[in-house]
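Peer 1: I'd like to ask you about the structure that follows.
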Amino acid sequence: NRRIVLASRPHGEPTPAHFRLERGTVPVAHDGEVLLRNHYLSLDPYMRGRMSAAKSYAKPVEINDVMVGATVSEVVASHHPGFAVGETVLAYGGWQDFAVSNGQGLRKLDASAAPVTTALGVLGMPGMTAYTGLLTIGAPKAGETVVVAAATGPVGSLVGQIARLKGARTVGIAGGADKCRHLTEDLGFDAAVDHRSGDLPAALAAACPDGIDVYFENVGGAVFDAVLPLLNDFARIPVCGLVANYNMTELPPGPDRVPALMRAVLSKRLTFRGFIVSDFADQGPAFLEEVGQWLREGKIRYREDVVEGLESAPEAFIGLLKGRNFGKLVVKL
Ligand code: NDP
């Protein structure tokens with residue numbers, strides 16, 4: 001059994017030295033438990049938070065503990081009445097070949113209904129994040145302009161496609177020409193803006209001639225700075241993630257911009273609302289039903305970035321925080 005543990009806590013960007021690959025025996029499932037062989041591991045930006053001891057909405061991974069993560073896994077031994085050997089489940093198996101589970105939180109997957117890896121992306125936690133945050137907080141109306149950054153990732157790509165299905169004009173922000181082309185040519189975004197190609201504020205303003213009614217915040221940083229002046233009165237801003245800040249070690253220099261932000265919040269009557277996908281757990285069935293249907297009807301598309309081998313996980317994860325992934329990042333174990 002190979003496993004990757006947290007070797008030390010990063011200050012700033014993680015490096016491979018913050019992880020350690022260990023080899024051990026395969027764990028044993030006892031009464032009421034199943035033994036899982038993990039086949040796919042999801043890599044997600046939230047894992048950067050788990051590497052840090054700073055107080056957050058979830059507990060950190062302890063030093064020398066296995067890195068956490070969602071997995072698509074096969075039941076290879078069962079002492080649990082609800083699960084049979086050979087079944088495929090969505091689990092929280094972590095960065096390792098095998099895991100033991102008491103069955104709590106496992107979701108059985110039907111490979112004939114959808115490719116199993118979709119349970120980690122478009123039909124999983126990231127997809128549900130897009131669906132709930134956009135529809136409950138952003139509530140886009142036909143004809144409005146919806147902007148999302150990290151727009152080719154599993155969250156952003158679904159935000160834009162659902163907004164389009166609701167009749168909104170959709171603008172995606174992504175890093176690089178290939179990602180921007182993917183947004184407009186494959187995913188049906190009305191416009192795409194490359195945040196790495198120079199004058200982002202001007203390019204975004206040109207792409208949003210009627211201003212911005214919903215900004216789905218995935219990124220923060222310079223992208224948010226470009227968005228703020230374009231927000232319309234009564235704009236809604238679901239605050240989902242701030243990936244540009246996750247490796248930040250101190251506040252950026254410069255004048256305090258909170259007063260200007262608060263002035264905009266007041267004078268434009270903006271609604272900012274942070275959320276964690278688990279806040280909307282009750283919408284899980286509706287999400288699976290509706291997004292599953294859109295997927296089957298070909299109304300939405302998704303893209304995966306699959307890397308091979310557990311040992312590739314640290315580098316792939318480090319790259320995720322810098323935009324080296326193109327689509328939902330998954331490790332095939
Ligand atoms: P992605 O696959 O989209 O990966 C993150 C992307 O962020 C990168 O690919 C990169 O895309 C972009 N990025 C990184 N740094 C910057 C930067 N400085 N400026 C602009 N863009 C940057 O990830 P997900 O779709 O899984 O997640 C998207 C966001 O949603 C994250 O912030 C994540 O933390 C958040 N999230 C929140 C949840 C919640 O419950 N609130 C649940 C799930 C996710 P590019 O190359 O295009 O710049």
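Scheme for the structure tokens: letters A, B, ... for chains in order shown; per-chain residue numbers from 1; ligand numbers from 1 in order shown.
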If you take only C-alpha atoms and a cut-off of 10 Å, which residues of segment 275-332 of chain A touch segment 188-205 of chain A, and what are their nearest atom pairs and distances in Å to one decimal, in chain and number order, as a Markdown table?

Peer 2:
```
| residue | atom | partner | partner_atom | distance |
| --- | --- | --- | --- | --- |
| A:Lys299 | CA | A:Gly188 | CA | 9.9 |
| A:Ile300 | CA | A:Gly188 | CA | 9.2 |
| A:Arg301 | CA | A:Gly188 | CA | 9.6 |
```

Peer 1: Keeping only C-alpha atoms, write the selected residues to a file as a short mmCIF file (atom, residue, chain, number, x, y, z; two decimals), in the first residue's frame.

Peer 2:
```cif
data_model
loop_
_atom_site.label_atom_id
_atom_site.label_comp_id
_atom_site.auth_asym_id
_atom_site.auth_seq_id
_atom_site.Cartn_x
_atom_site.Cartn_y
_atom_site.Cartn_z
CA LYS A 299 -26.45 20.59 -22.93
CA ILE A 300 -23.31 20.74 -20.82
CA ARG A 301 -19.82 19.43 -21.37
#
```

Peer 1: Which parts of segment 164-249 of chain A does DSSP call alpha helix (DSSP H) when run on the backbone here, written out as a PDB file with N, CA and C atoms, in the first residue's frame?

Peer 2:
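The resulting file, selection.pdb, is shown below:
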```
ATOM      1  N   ARG A 164     -25.492  30.172 -18.924  1.00  0.00           N
ATOM      2  CA  ARG A 164     -25.937  30.267 -20.326  1.00  0.00           C
ATOM      3  C   ARG A 164     -27.305  29.607 -20.495  1.00  0.00           C
ATOM      4  N   LEU A 165     -27.489  28.439 -19.855  1.00  0.00           N
ATOM      5  CA  LEU A 165     -28.794  27.764 -19.938  1.00  0.00           C
ATOM      6  C   LEU A 165     -29.908  28.620 -19.340  1.00  0.00           C
ATOM      7  N   ALA A 177      -4.356  31.269 -24.115  1.00  0.00           N
ATOM      8  CA  ALA A 177      -5.197  31.273 -25.316  1.00  0.00           C
ATOM      9  C   ALA A 177      -5.955  29.964 -25.492  1.00  0.00           C
ATOM     10  N   ASP A 178      -5.320  28.832 -25.176  1.00  0.00           N
ATOM     11  CA  ASP A 178      -6.007  27.540 -25.361  1.00  0.00           C
ATOM     12  C   ASP A 178      -7.237  27.447 -24.474  1.00  0.00           C
ATOM     13  N   LYS A 179      -7.078  27.851 -23.228  1.00  0.00           N
ATOM     14  CA  LYS A 179      -8.215  27.790 -22.298  1.00  0.00           C
ATOM     15  C   LYS A 179      -9.316  28.743 -22.766  1.00  0.00           C
ATOM     16  N   CYS A 180      -8.937  29.919 -23.246  1.00  0.00           N
ATOM     17  CA  CYS A 180      -9.956  30.879 -23.695  1.00  0.00           C
ATOM     18  C   CYS A 180     -10.700  30.348 -24.915  1.00  0.00           C
ATOM     19  N   ARG A 181      -9.966  29.728 -25.821  1.00  0.00           N
ATOM     20  CA  ARG A 181     -10.597  29.141 -27.009  1.00  0.00           C
ATOM     21  C   ARG A 181     -11.593  28.046 -26.599  1.00  0.00           C
ATOM     22  N   LEU A 200      -5.825  43.361 -18.146  1.00  0.00           N
ATOM     23  CA  LEU A 200      -7.059  42.654 -17.775  1.00  0.00           C
ATOM     24  C   LEU A 200      -8.233  43.608 -17.562  1.00  0.00           C
ATOM     25  N   PRO A 201      -8.072  44.725 -16.834  1.00  0.00           N
ATOM     26  CA  PRO A 201      -9.239  45.602 -16.634  1.00  0.00           C
ATOM     27  C   PRO A 201      -9.853  46.065 -17.954  1.00  0.00           C
ATOM     28  N   ALA A 202      -9.025  46.446 -18.925  1.00  0.00           N
ATOM     29  CA  ALA A 202      -9.559  46.922 -20.210  1.00  0.00           C
ATOM     30  C   ALA A 202     -10.206  45.775 -20.978  1.00  0.00           C
ATOM     31  N   ALA A 203      -9.566  44.609 -20.987  1.00  0.00           N
ATOM     32  CA  ALA A 203     -10.111  43.473 -21.730  1.00  0.00           C
ATOM     33  C   ALA A 203     -11.441  43.022 -21.125  1.00  0.00           C
ATOM     34  N   LEU A 204     -11.523  43.035 -19.800  1.00  0.00           N
ATOM     35  CA  LEU A 204     -12.766  42.611 -19.154  1.00  0.00           C
ATOM     36  C   LEU A 204     -13.879  43.631 -19.410  1.00  0.00           C
ATOM     37  N   ALA A 205     -13.526  44.909 -19.353  1.00  0.00           N
ATOM     38  CA  ALA A 205     -14.526  45.959 -19.620  1.00  0.00           C
ATOM     39  C   ALA A 205     -15.062  45.810 -21.042  1.00  0.00           C
ATOM     40  N   ALA A 206     -14.182  45.494 -21.984  1.00  0.00           N
ATOM     41  CA  ALA A 206     -14.623  45.336 -23.378  1.00  0.00           C
ATOM     42  C   ALA A 206     -15.547  44.131 -23.527  1.00  0.00           C
ATOM     43  N   ALA A 207     -15.293  43.091 -22.726  1.00  0.00           N
ATOM     44  CA  ALA A 207     -16.112  41.874 -22.821  1.00  0.00           C
ATOM     45  C   ALA A 207     -17.447  42.021 -22.079  1.00  0.00           C
ATOM     46  N   GLY A 221      -7.684  38.442  -5.838  1.00  0.00           N
ATOM     47  CA  GLY A 221      -6.485  39.058  -6.403  1.00  0.00           C
ATOM     48  C   GLY A 221      -6.785  40.052  -7.509  1.00  0.00           C
ATOM     49  N   ALA A 222      -5.925  40.033  -8.533  1.00  0.00           N
ATOM     50  CA  ALA A 222      -6.016  41.005  -9.624  1.00  0.00           C
ATOM     51  C   ALA A 222      -7.314  40.849 -10.409  1.00  0.00           C
ATOM     52  N   VAL A 223      -7.856  39.630 -10.445  1.00  0.00           N
ATOM     53  CA  VAL A 223      -9.112  39.420 -11.170  1.00  0.00           C
ATOM     54  C   VAL A 223     -10.239  40.174 -10.459  1.00  0.00           C
ATOM     55  N   PHE A 224     -10.290  40.062  -9.155  1.00  0.00           N
ATOM     56  CA  PHE A 224     -11.334  40.786  -8.424  1.00  0.00           C
ATOM     57  C   PHE A 224     -11.176  42.295  -8.614  1.00  0.00           C
ATOM     58  N   ASP A 225      -9.942  42.766  -8.613  1.00  0.00           N
ATOM     59  CA  ASP A 225      -9.711  44.206  -8.807  1.00  0.00           C
ATOM     60  C   ASP A 225     -10.267  44.673 -10.148  1.00  0.00           C
ATOM     61  N   ALA A 226     -10.166  43.816 -11.169  1.00  0.00           N
ATOM     62  CA  ALA A 226     -10.676  44.187 -12.493  1.00  0.00           C
ATOM     63  C   ALA A 226     -12.202  44.133 -12.533  1.00  0.00           C
ATOM     64  N   VAL A 227     -12.783  43.248 -11.729  1.00  0.00           N
ATOM     65  CA  VAL A 227     -14.237  43.065 -11.723  1.00  0.00           C
ATOM     66  C   VAL A 227     -14.947  44.200 -10.990  1.00  0.00           C
TER      67      VAL A 227
END
```

Peer 1: Please identify every polymer residue within 7 Å of ligand 1, using only C-alpha atoms and all ligand atoms, and present the set as a ChimeraX atom specification.

Peer 2: /A:44-46,125-126,129,149-156,173-176,179,195,218-219,221-223,240-244,275-278,320-329

Peer 1: List the neighbours of Thr118 of chain A out to 9 Å using only C-alpha atoms; skip same-chain residues closer than 4 positions along the sequence, and give me the result as a PyMOL selection string.

Peer 2: chain A and resi 114+122-124+302+304

Peer 1: For those residues, write C-alpha atoms to a file as an mmCIF file, in the first residue's frame.

Peer 2:
```
data_model
loop_
_atom_site.group_PDB
_atom_site.id
_atom_site.type_symbol
_atom_site.label_atom_id
_atom_site.label_comp_id
_atom_site.auth_asym_id
_atom_site.auth_seq_id
_atom_site.Cartn_x
_atom_site.Cartn_y
_atom_site.Cartn_z
ATOM 1 C CA ALA A 114 -22.034 8.153 -16.360
ATOM 2 C CA VAL A 122 -19.168 17.702 -12.929
ATOM 3 C CA LEU A 123 -21.458 15.319 -10.986
ATOM 4 C CA GLY A 124 -19.502 15.635 -7.748
ATOM 5 C CA TYR A 302 -16.888 18.774 -19.096
ATOM 6 C CA GLU A 304 -10.817 16.196 -17.350
#
```

Peer 1: Could you state the separation of atom CA of Met47 of chain A and atom CA of Phe83 of chain A in Å, given to one decimal place?

Peer 2: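 Between atom CA of Met47 of chain A and atom CA of Phe83 of chain A the gap works out to 28.3 Å.
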
Peer 1: Residues of segment 64-290 of chain A classed as strand (DSSP E or B) by DSSP on the backbone are to be reported as a PyMOL selection string.

Peer 2: chain A and resi 66+71-78+88-91+96+98-101+107-108+145-149+169-174+191-194+212-217+231-239+271-274

Peer 1: Can I get the selected residues back with N, CA and C atoms, as a compact mmCIF listing (two decimals), in the first residue's frame?

Peer 2:
```txt
# COMPACT_ATOMS: atom_id res chain seq x y z
N VAL A 66 -2.01 10.86 6.21
CA VAL A 66 -2.28 10.77 4.77
C VAL A 66 -3.05 12.00 4.32
N THR A 71 -12.15 9.96 -3.65
CA THR A 71 -11.67 8.92 -4.55
C THR A 71 -12.84 8.17 -5.18
N VAL A 72 -12.57 7.63 -6.35
CA VAL A 72 -13.46 6.61 -6.91
C VAL A 72 -12.78 5.28 -6.60
N SER A 73 -13.47 4.43 -5.85
CA SER A 73 -12.83 3.25 -5.27
C SER A 73 -13.68 2.01 -5.51
N GLU A 74 -13.00 0.87 -5.45
CA GLU A 74 -13.68 -0.41 -5.64
C GLU A 74 -13.68 -1.15 -4.30
N VAL A 75 -14.81 -1.73 -3.95
CA VAL A 75 -14.87 -2.53 -2.72
C VAL A 75 -14.15 -3.85 -3.00
N VAL A 76 -13.05 -4.11 -2.29
CA VAL A 76 -12.31 -5.36 -2.53
C VAL A 76 -12.46 -6.36 -1.39
N ALA A 77 -12.97 -5.91 -0.25
CA ALA A 77 -13.35 -6.83 0.83
C ALA A 77 -14.46 -6.15 1.61
N SER A 78 -15.47 -6.91 2.02
CA SER A 78 -16.59 -6.26 2.72
C SER A 78 -17.02 -7.04 3.94
N THR A 88 -18.46 -0.19 -7.09
CA THR A 88 -17.66 1.03 -7.21
C THR A 88 -18.34 2.12 -6.40
N VAL A 89 -17.56 2.84 -5.62
CA VAL A 89 -18.13 3.87 -4.74
C VAL A 89 -17.32 5.16 -4.84
N LEU A 90 -18.02 6.26 -4.57
CA LEU A 90 -17.35 7.53 -4.31
C LEU A 90 -17.01 7.53 -2.83
N ALA A 91 -15.74 7.72 -2.51
CA ALA A 91 -15.30 7.64 -1.12
C ALA A 91 -14.38 8.82 -0.82
N GLN A 96 -3.82 7.52 -1.40
CA GLN A 96 -3.24 6.20 -1.12
C GLN A 96 -3.92 5.15 -1.97
N PHE A 98 -5.02 2.04 -0.93
CA PHE A 98 -6.11 1.35 -0.24
C PHE A 98 -6.60 2.18 0.93
N ALA A 99 -7.87 2.01 1.27
CA ALA A 99 -8.42 2.69 2.44
C ALA A 99 -9.47 1.79 3.06
N VAL A 100 -9.69 1.98 4.36
CA VAL A 100 -10.76 1.26 5.05
C VAL A 100 -11.85 2.26 5.39
N SER A 101 -13.10 1.85 5.22
CA SER A 101 -14.22 2.75 5.51
C SER A 101 -15.29 2.01 6.28
N ARG A 107 -20.88 6.69 -1.62
CA ARG A 107 -22.00 6.76 -2.57
C ARG A 107 -21.73 5.75 -3.67
N LYS A 108 -22.68 4.86 -3.90
CA LYS A 108 -22.47 3.85 -4.95
C LYS A 108 -22.54 4.51 -6.31
N THR A 145 -25.42 39.69 -17.22
CA THR A 145 -24.06 39.27 -17.50
C THR A 145 -23.48 38.56 -16.28
N VAL A 146 -22.99 37.34 -16.52
CA VAL A 146 -22.37 36.53 -15.46
C VAL A 146 -20.90 36.35 -15.79
N VAL A 147 -20.04 36.66 -14.84
CA VAL A 147 -18.59 36.50 -15.04
C VAL A 147 -18.07 35.48 -14.04
N VAL A 148 -17.20 34.59 -14.53
CA VAL A 148 -16.55 33.62 -13.64
C VAL A 148 -15.10 33.46 -14.07
N ALA A 149 -14.21 33.35 -13.07
CA ALA A 149 -12.79 33.10 -13.36
C ALA A 149 -12.47 31.64 -13.00
N ARG A 169 -25.73 36.26 -20.38
CA ARG A 169 -24.53 36.42 -21.19
C ARG A 169 -23.37 35.99 -20.30
N THR A 170 -22.51 35.08 -20.80
CA THR A 170 -21.48 34.51 -19.93
C THR A 170 -20.08 34.90 -20.40
N VAL A 171 -19.28 35.33 -19.45
CA VAL A 171 -17.91 35.74 -19.73
C VAL A 171 -16.99 34.94 -18.80
N GLY A 172 -16.05 34.21 -19.40
CA GLY A 172 -15.12 33.42 -18.61
C GLY A 172 -13.73 34.07 -18.61
N ILE A 173 -13.07 33.98 -17.47
CA ILE A 173 -11.69 34.46 -17.37
C ILE A 173 -10.81 33.23 -17.15
N ALA A 174 -9.77 33.09 -17.95
CA ALA A 174 -8.90 31.92 -17.83
C ALA A 174 -7.47 32.32 -18.22
N ALA A 191 -17.99 35.17 -24.25
CA ALA A 191 -16.67 35.81 -24.39
C ALA A 191 -15.71 35.20 -23.39
N ALA A 192 -14.42 35.28 -23.72
CA ALA A 192 -13.38 34.78 -22.82
C ALA A 192 -12.28 35.82 -22.73
N VAL A 193 -11.73 35.97 -21.53
CA VAL A 193 -10.68 36.96 -21.30
C VAL A 193 -9.49 36.24 -20.66
N ASP A 194 -8.31 36.46 -21.23
CA ASP A 194 -7.08 35.84 -20.72
C ASP A 194 -6.47 36.75 -19.65
N ILE A 212 -21.50 44.00 -15.01
CA ILE A 212 -21.55 42.63 -14.48
C ILE A 212 -22.67 42.55 -13.43
N ASP A 213 -23.56 41.58 -13.60
CA ASP A 213 -24.66 41.39 -12.64
C ASP A 213 -24.37 40.30 -11.63
N VAL A 214 -23.64 39.25 -12.08
CA VAL A 214 -23.24 38.19 -11.17
C VAL A 214 -21.76 37.92 -11.39
N TYR A 215 -20.98 38.04 -10.33
CA TYR A 215 -19.58 37.63 -10.40
C TYR A 215 -19.40 36.46 -9.46
N PHE A 216 -19.13 35.29 -10.03
CA PHE A 216 -18.91 34.08 -9.23
C PHE A 216 -17.43 34.06 -8.88
N GLU A 217 -17.12 34.34 -7.60
CA GLU A 217 -15.73 34.57 -7.19
C GLU A 217 -15.00 33.27 -6.86
N LEU A 231 -19.03 46.14 -11.66
CA LEU A 231 -20.25 45.58 -11.05
C LEU A 231 -21.40 46.56 -11.18
N ASN A 232 -22.56 46.04 -11.55
CA ASN A 232 -23.77 46.85 -11.66
C ASN A 232 -24.45 46.98 -10.30
N ASP A 233 -25.34 47.93 -10.19
CA ASP A 233 -26.17 48.04 -8.99
C ASP A 233 -26.87 46.69 -8.75
N PHE A 234 -26.92 46.29 -7.52
CA PHE A 234 -27.60 45.05 -7.09
C PHE A 234 -26.92 43.78 -7.61
N ALA A 235 -25.65 43.86 -7.97
CA ALA A 235 -24.92 42.66 -8.39
C ALA A 235 -24.80 41.69 -7.22
N ARG A 236 -24.78 40.39 -7.56
CA ARG A 236 -24.61 39.33 -6.56
C ARG A 236 -23.25 38.67 -6.77
N ILE A 237 -22.56 38.43 -5.66
CA ILE A 237 -21.21 37.86 -5.73
C ILE A 237 -21.13 36.65 -4.80
N PRO A 238 -21.41 35.44 -5.32
CA PRO A 238 -21.16 34.25 -4.52
C PRO A 238 -19.64 34.12 -4.32
N VAL A 239 -19.20 34.12 -3.08
CA VAL A 239 -17.75 34.01 -2.82
C VAL A 239 -17.44 32.55 -2.54
N THR A 271 -24.41 42.41 -3.08
CA THR A 271 -24.56 41.29 -2.15
C THR A 271 -23.38 40.34 -2.31
N PHE A 272 -22.53 40.28 -1.30
CA PHE A 272 -21.46 39.29 -1.25
C PHE A 272 -21.92 38.20 -0.29
N ARG A 273 -21.81 36.96 -0.69
CA ARG A 273 -22.12 35.89 0.27
C ARG A 273 -21.15 34.74 0.08
N GLY A 274 -20.37 34.47 1.11
CA GLY A 274 -19.49 33.31 1.10
C GLY A 274 -20.30 32.05 1.34
```

Peer 1: Taking only C-alpha atoms into account, produce a table as a Markdown table in which each residue of segment 8-101 of chain A with an atom at most 9 Å from an atom of segment 309-317 of chain A appears once, together with its shortest atom pair and the distance in Å to one decimal, ordered by chain and rising number.

Peer 2:
```
| residue | atom | partner | partner_atom | distance |
| --- | --- | --- | --- | --- |
| A:Pro14 | CA | A:Pro314 | CA | 8.8 |
| A:Thr15 | CA | A:Glu315 | CA | 7.8 |
| A:Pro16 | CA | A:Pro314 | CA | 5.9 |
| A:His18 | CA | A:Pro314 | CA | 8.7 |
| A:Phe19 | CA | A:Pro314 | CA | 6.8 |
| A:Leu21 | CA | A:Glu311 | CA | 7.2 |
| A:Leu41 | CA | A:Leu310 | CA | 8.3 |
| A:Leu43 | CA | A:Phe317 | CA | 6.2 |
| A:Asp44 | CA | A:Phe317 | CA | 7.6 |
| A:Pro45 | CA | A:Phe317 | CA | 7.9 |
| A:Met47 | CA | A:Phe317 | CA | 8.6 |
| A:Arg48 | CA | A:Phe317 | CA | 8.8 |
| A:Trp95 | CA | A:Leu310 | CA | 7.2 |
| A:Gln96 | CA | A:Leu310 | CA | 7.1 |
| A:Asp97 | CA | A:Leu310 | CA | 7.9 |
```

Peer 1: Mind dumping the selected residues with C-alpha atoms as a PDB file, in the first residue's frame?

Peer 2:
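Contents of the output file out_33.pdb:
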```
ATOM      1  CA  PRO A  14       3.941  23.969  -1.516  1.00  0.00           C
ATOM      2  CA  THR A  15       6.885  22.008  -2.942  1.00  0.00           C
ATOM      3  CA  PRO A  16       7.395  18.243  -3.352  1.00  0.00           C
ATOM      4  CA  HIS A  18       6.138  18.993   1.837  1.00  0.00           C
ATOM      5  CA  PHE A  19       4.901  15.522   0.849  1.00  0.00           C
ATOM      6  CA  LEU A  21       5.558   8.773  -0.300  1.00  0.00           C
ATOM      7  CA  LEU A  41      -8.047  10.494  -6.705  1.00  0.00           C
ATOM      8  CA  LEU A  43      -7.076  16.918  -6.531  1.00  0.00           C
ATOM      9  CA  ASP A  44      -8.791  20.130  -5.431  1.00  0.00           C
ATOM     10  CA  PRO A  45      -7.673  23.621  -4.364  1.00  0.00           C
ATOM     11  CA  MET A  47      -6.322  20.747  -0.068  1.00  0.00           C
ATOM     12  CA  ARG A  48      -3.957  23.717   0.244  1.00  0.00           C
ATOM     13  CA  TRP A  95      -3.863   9.969  -1.367  1.00  0.00           C
ATOM     14  CA  GLN A  96      -3.239   6.203  -1.123  1.00  0.00           C
ATOM     15  CA  ASP A  97      -3.828   2.892  -2.886  1.00  0.00           C
TER      16      ASP A  97
END
```

Peer 1: Nearest to Met248 of chain A: which of A:Gly12, A:Leu109, A:Val5, A:Val265 is it, counting only C-alpha atoms?

Peer 2: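 Distance minimum relative to Met248 of chain A lands on A:Gly12.
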
Peer 1: What does the distance between atom CA of Pro253 of chain A and atom CA of Gly319 of chain A come to in Å, to one decimal place?

Peer 2: 25.6 Å

Peer 1: Which residue gives the smallest distance to Gln104 of chain A among A:Ile162, A:Thr136, A:Tyr40, A:Val34, with only C-alpha atoms counted?

Peer 2: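 That would be A:Val34, the residue with the smallest distance to Gln104 of chain A.
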
Peer 1: I'd like the neighbourhood of Met51 of chain A as a PDB file with N, CA and C atoms, in the first residue's frame, where a residue qualifies if any of its atoms comes within 10 Å (using only C-alpha atoms), though same-chain residues fewer than 5 positions away should be ignored.

Peer 2:
```pdb
ATOM      1  N   LEU A   6       1.494  14.170   4.591  1.00  0.00           N
ATOM      2  CA  LEU A   6       1.973  15.554   4.722  1.00  0.00           C
ATOM      3  C   LEU A   6       3.260  15.511   5.548  1.00  0.00           C
ATOM      4  N   ALA A   7       4.384  15.901   4.932  1.00  0.00           N
ATOM      5  CA  ALA A   7       5.675  15.823   5.619  1.00  0.00           C
ATOM      6  C   ALA A   7       5.919  17.069   6.463  1.00  0.00           C
ATOM      7  N   SER A   8       5.496  18.219   5.975  1.00  0.00           N
ATOM      8  CA  SER A   8       5.670  19.476   6.720  1.00  0.00           C
ATOM      9  C   SER A   8       4.694  20.488   6.154  1.00  0.00           C
ATOM     10  N   ARG A   9       4.482  21.564   6.893  1.00  0.00           N
ATOM     11  CA  ARG A   9       3.511  22.568   6.455  1.00  0.00           C
ATOM     12  C   ARG A   9       4.199  23.643   5.620  1.00  0.00           C
ATOM     13  N   PRO A  10       3.666  23.934   4.419  1.00  0.00           N
ATOM     14  CA  PRO A  10       4.297  24.970   3.591  1.00  0.00           C
ATOM     15  C   PRO A  10       4.042  26.376   4.137  1.00  0.00           C
ATOM     16  N   HIS A  11       5.010  27.236   3.894  1.00  0.00           N
ATOM     17  CA  HIS A  11       4.819  28.668   4.102  1.00  0.00           C
ATOM     18  C   HIS A  11       4.888  29.247   2.702  1.00  0.00           C
ATOM     19  N   PRO A  14       3.463  25.307  -1.869  1.00  0.00           N
ATOM     20  CA  PRO A  14       3.941  23.969  -1.516  1.00  0.00           C
ATOM     21  C   PRO A  14       4.993  23.485  -2.521  1.00  0.00           C
ATOM     22  N   HIS A  18       7.182  18.964   0.810  1.00  0.00           N
ATOM     23  CA  HIS A  18       6.138  18.993   1.837  1.00  0.00           C
ATOM     24  C   HIS A  18       5.331  17.696   1.880  1.00  0.00           C
ATOM     25  N   PHE A  19       5.617  16.801   0.920  1.00  0.00           N
ATOM     26  CA  PHE A  19       4.901  15.522   0.849  1.00  0.00           C
ATOM     27  C   PHE A  19       5.914  14.392   0.993  1.00  0.00           C
ATOM     28  N   TYR A  46      -8.961  23.120  -2.300  1.00  0.00           N
ATOM     29  CA  TYR A  46      -9.160  23.181  -0.841  1.00  0.00           C
ATOM     30  C   TYR A  46      -8.056  22.459  -0.080  1.00  0.00           C
ATOM     31  N   LYS A  59     -10.862  20.833   9.642  1.00  0.00           N
ATOM     32  CA  LYS A  59      -9.622  20.558  10.389  1.00  0.00           C
ATOM     33  C   LYS A  59      -8.447  20.347   9.437  1.00  0.00           C
ATOM     34  N   PRO A  60      -7.238  20.773   9.810  1.00  0.00           N
ATOM     35  CA  PRO A  60      -6.081  20.492   8.959  1.00  0.00           C
ATOM     36  C   PRO A  60      -5.687  19.017   9.002  1.00  0.00           C
ATOM     37  N   VAL A  61      -4.944  18.588   7.979  1.00  0.00           N
ATOM     38  CA  VAL A  61      -4.291  17.274   8.000  1.00  0.00           C
ATOM     39  C   VAL A  61      -3.118  17.400   8.983  1.00  0.00           C
ATOM     40  N   GLU A  62      -2.943  16.409   9.838  1.00  0.00           N
ATOM     41  CA  GLU A  62      -1.809  16.446  10.767  1.00  0.00           C
ATOM     42  C   GLU A  62      -0.537  16.017  10.040  1.00  0.00           C
ATOM     43  N   ILE A  63       0.595  16.519  10.512  1.00  0.00           N
ATOM     44  CA  ILE A  63       1.876  16.094   9.950  1.00  0.00           C
ATOM     45  C   ILE A  63       1.977  14.561  10.081  1.00  0.00           C
ATOM     46  N   MET A  67      -2.662  12.558   3.180  1.00  0.00           N
ATOM     47  CA  MET A  67      -3.405  13.669   2.593  1.00  0.00           C
ATOM     48  C   MET A  67      -4.832  13.203   2.282  1.00  0.00           C
ATOM     49  N   VAL A  68      -5.787  14.065   2.574  1.00  0.00           N
ATOM     50  CA  VAL A  68      -7.189  13.705   2.345  1.00  0.00           C
ATOM     51  C   VAL A  68      -7.578  13.953   0.883  1.00  0.00           C
TER      52      VAL A  68
END
```

Peer 1: Taking into account only C-alpha atoms, which residue in the set A:Pro229, A:Gly49, A:Gly69, A:Gly93 is nearest to Leu36 of chain A?

Peer 2: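 Ranking A:Pro229, A:Gly49, A:Gly69, A:Gly93 by distance to Leu36 of chain A, first place goes to A:Gly93.
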
Peer 1: Enter the distance from atom CA of Ile137 of chain A to atom CA of Leu288 of chain A, in Å, rounded to one decimal.

Peer 2: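 So the two atoms, atom CA of Ile137 of chain A and atom CA of Leu288 of chain A, lie 18.6 Å apart.
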